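Let me begin by presenting the structure, written as structure tokens, before commenting on it.
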Amino acid sequence: MSEQISLFDLAPEPQTKKSRAKPAESIVPHVVYEDLGRLSAEAKSCQKCPLASTRLNVVVERGSRNAAIMIIGEGPGQNEDETGLPFVGRSGELLDKILASVQLGEQEVYICNIVKCRPPENRVPTEQEAAACKPYLLEQIRLVDPKIILLTGATAVRGITGDKRGITKIRGEWMSWEGRWVMPIFHPAYLLRNQSRAEGSPKSLMWQDIKAVKAKYEELLGILSG
Ligand code: URA
């Protein structure tokens, strides 16, 4: 994996004509961490927003800290709150299956969320909660340095790119954000509620999108390894 990353360092930056995404703010983080271990240690005692008073665990990360693909979700649910790991409930199981269908696993991806503490009743995090958590996320992006970022669902898209369009409009569209390839995809929870596999269904579109992600991943590797 570390060899792949050094190859990726030479990857061309995305230049998509279609992209309408604008950075929500500068990538320059408010706090700089030396490494992900320190970031995680500090996040685990975070008191920057009211979610600190209801959480069981702070949910920072899962997967490889050297991954070329980062997946960003909305926020922890009950299983994640209990275990301290992102995407380990039903949505996480489905996400893992989707990734496995194109031979991607924990070695190739790094998984995290817009907020690191569970919002009560699994409600959508408020803008204030997302803003309080954002310095951690920006640092995770800087330190992992993924070439591809997948944003699962509208909250993740809004939190990173500021794009407020509905997810059905923009899923599958490559965007350029801070020199990285970014693709909004459906949230796995949405797929759990929409089980049809018919052509044009959310599940069939997800299959299309994950194949495009794998192709981009291989293209970036291929270009650089000659
Ligand atoms: N949904 C998310 O967005 N993130 C998780 O970690 C789990 C469920």
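Chain labels run A, B, ... following the order of the structure tokens; each chain numbers its residues from 1, and ligands are numbered from 1 in the order shown.
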Handout entry: Protein and nucleic residues near ligand 1, 6 Å, only C-alpha atoms and all ligand atoms, as a PyMOL selection string
Key = chain A and resi 73-77+80+86-87+91+113
Practice task
Write out as a PyMOL selection string each polymer residue whose atoms come within 9 Å of Leu143 in chain A, counting only C-alpha atoms; drop sequence neighbours fewer than 5 positions from it.
Solution key: chain A and resi 33-36+65-66+138
Could you write those residues out with N, CA and C atoms, as an mmCIF file, in the first residue's frame?
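Dumped everything to result_22.cif:
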```cif
data_model
loop_
_atom_site.group_PDB
_atom_site.id
_atom_site.type_symbol
_atom_site.label_atom_id
_atom_site.label_comp_id
_atom_site.auth_asym_id
_atom_site.auth_seq_id
_atom_site.Cartn_x
_atom_site.Cartn_y
_atom_site.Cartn_z
ATOM 1 N N TYR A 33 -2.312 18.518 13.381
ATOM 2 C CA TYR A 33 -1.859 17.368 14.169
ATOM 3 C C TYR A 33 -0.658 16.748 13.473
ATOM 4 N N GLU A 34 0.246 16.224 14.312
ATOM 5 C CA GLU A 34 1.445 15.609 13.749
ATOM 6 C C GLU A 34 1.093 14.311 13.019
ATOM 7 N N ASP A 35 0.171 13.577 13.582
ATOM 8 C CA ASP A 35 -0.236 12.319 12.954
ATOM 9 C C ASP A 35 -1.645 11.942 13.408
ATOM 10 N N LEU A 36 -2.147 10.885 12.794
ATOM 11 C CA LEU A 36 -3.537 10.483 13.080
ATOM 12 C C LEU A 36 -3.702 9.916 14.495
ATOM 13 N N ARG A 65 -4.827 3.890 7.184
ATOM 14 C CA ARG A 65 -4.417 5.296 7.243
ATOM 15 C C ARG A 65 -3.578 5.701 6.030
ATOM 16 N N ASN A 66 -3.224 4.734 5.190
ATOM 17 C CA ASN A 66 -2.495 5.036 3.937
ATOM 18 C C ASN A 66 -3.380 4.895 2.715
ATOM 19 N N LEU A 138 -10.817 17.790 8.351
ATOM 20 C CA LEU A 138 -9.847 18.380 7.411
ATOM 21 C C LEU A 138 -8.444 17.838 7.671
#
```
Handout entry: Nearby residues (only C-alpha atoms) at most 10 Å from Ala156 in chain A, same-chain spacing under 5 positions excluded, as number ranges by chain
Key = A: 71-75, 113-115, 130, 150-151, 161-163, 167, 184-185, 187
Exercise for the section: Run DSSP on the backbone and give me the residues of range 60-185 of chain A it puts in alpha helix (DSSP H), as a VMD selection string. Expected result: chain A and resid 78 to 83 90 to 100 127 to 144 154 to 161 167 to 170
Exercise for the section: Pick out the residues sitting within 12 Å of Thr54 in chain A, and hand them over as a PyMOL selection string; count only C-alpha atoms, and ignore anything fewer than 3 positions along from it in its own chain. Expected result: chain A and resi 47+49-51+57-58+78+81-82+117-122
Dump N, CA, C and O atoms for the selected residues as a CSV table (one decimal), in the first residue's frame?
```
chain,number,residue,atom,x,y,z
A,47,GLN,N,-14.8,18.1,23.7
A,47,GLN,CA,-16.0,18.6,24.3
A,47,GLN,C,-16.4,19.8,23.5
A,47,GLN,O,-17.0,20.8,24.1
A,49,CYS,N,-18.7,20.3,21.2
A,49,CYS,CA,-20.1,20.5,20.9
A,49,CYS,C,-21.0,19.7,21.8
A,49,CYS,O,-20.5,18.8,22.5
A,50,PRO,N,-22.3,19.9,21.8
A,50,PRO,CA,-23.2,19.2,22.8
A,50,PRO,C,-23.3,17.7,22.6
A,50,PRO,O,-23.7,17.0,23.5
A,51,LEU,N,-22.8,17.2,21.5
A,51,LEU,CA,-22.9,15.7,21.3
A,51,LEU,C,-22.0,15.0,22.2
A,51,LEU,O,-22.2,13.8,22.5
A,57,ASN,N,-19.0,6.6,22.7
A,57,ASN,CA,-17.6,6.7,22.2
A,57,ASN,C,-17.5,7.7,21.1
A,57,ASN,O,-18.4,8.0,20.4
A,58,VAL,N,-16.3,8.2,21.0
A,58,VAL,CA,-16.0,9.1,19.8
A,58,VAL,C,-15.5,8.2,18.7
A,58,VAL,O,-14.7,7.3,18.9
A,78,GLN,N,-26.1,3.9,16.4
A,78,GLN,CA,-26.0,3.2,17.7
A,78,GLN,C,-24.8,2.2,17.7
A,78,GLN,O,-24.0,2.2,18.7
A,81,ASP,N,-21.6,4.1,17.9
A,81,ASP,CA,-21.4,4.7,19.2
A,81,ASP,C,-21.0,3.7,20.2
A,81,ASP,O,-20.1,3.9,21.1
A,82,GLU,N,-21.5,2.5,20.1
A,82,GLU,CA,-21.2,1.4,21.1
A,82,GLU,C,-19.8,0.8,20.9
A,82,GLU,O,-19.1,0.5,21.8
A,117,CYS,N,-19.4,12.1,16.8
A,117,CYS,CA,-20.2,11.6,18.0
A,117,CYS,C,-21.6,11.4,17.5
A,117,CYS,O,-22.1,12.2,16.6
A,118,ARG,N,-22.3,10.5,18.0
A,118,ARG,CA,-23.7,10.1,17.6
A,118,ARG,C,-24.7,11.2,17.9
A,118,ARG,O,-24.8,11.6,19.1
A,119,PRO,N,-25.4,11.7,16.9
A,119,PRO,CA,-26.5,12.6,17.2
A,119,PRO,C,-27.6,11.9,17.8
A,119,PRO,O,-28.0,10.8,17.3
A,120,PRO,N,-28.2,12.3,18.9
A,120,PRO,CA,-29.3,11.6,19.5
A,120,PRO,C,-30.4,11.3,18.5
A,120,PRO,O,-30.7,12.0,17.6
A,121,GLU,N,-31.0,10.1,18.6
A,121,GLU,CA,-32.0,9.5,17.7
A,121,GLU,C,-31.6,9.5,16.3
A,121,GLU,O,-32.4,9.5,15.4
A,122,ASN,N,-30.3,9.5,16.1
A,122,ASN,CA,-29.7,9.4,14.7
A,122,ASN,C,-30.2,10.6,13.8
A,122,ASN,O,-30.3,10.4,12.6
```
Problem - Using only C-alpha atoms: which of A:Thr152, A:Gln140, A:Ser53, A:Ser64 has the shortest distance to Arg38 in chain A - result: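 Closest to Arg38 in chain A of all the choices is A:Gln140.
Closest to Arg142 in chain A among A:Val124, A:Ile98, A:Met70, A:Val59 is A:Met70, based on only C-alpha atoms.
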Practice task
Using DSSP on the backbone coordinates, identify the residues of range 141-187 of chain A assigned to strand (DSSP E or B); present them as a ChimeraX atom specification.
Solution key: /A:148-152,175-177,180-185
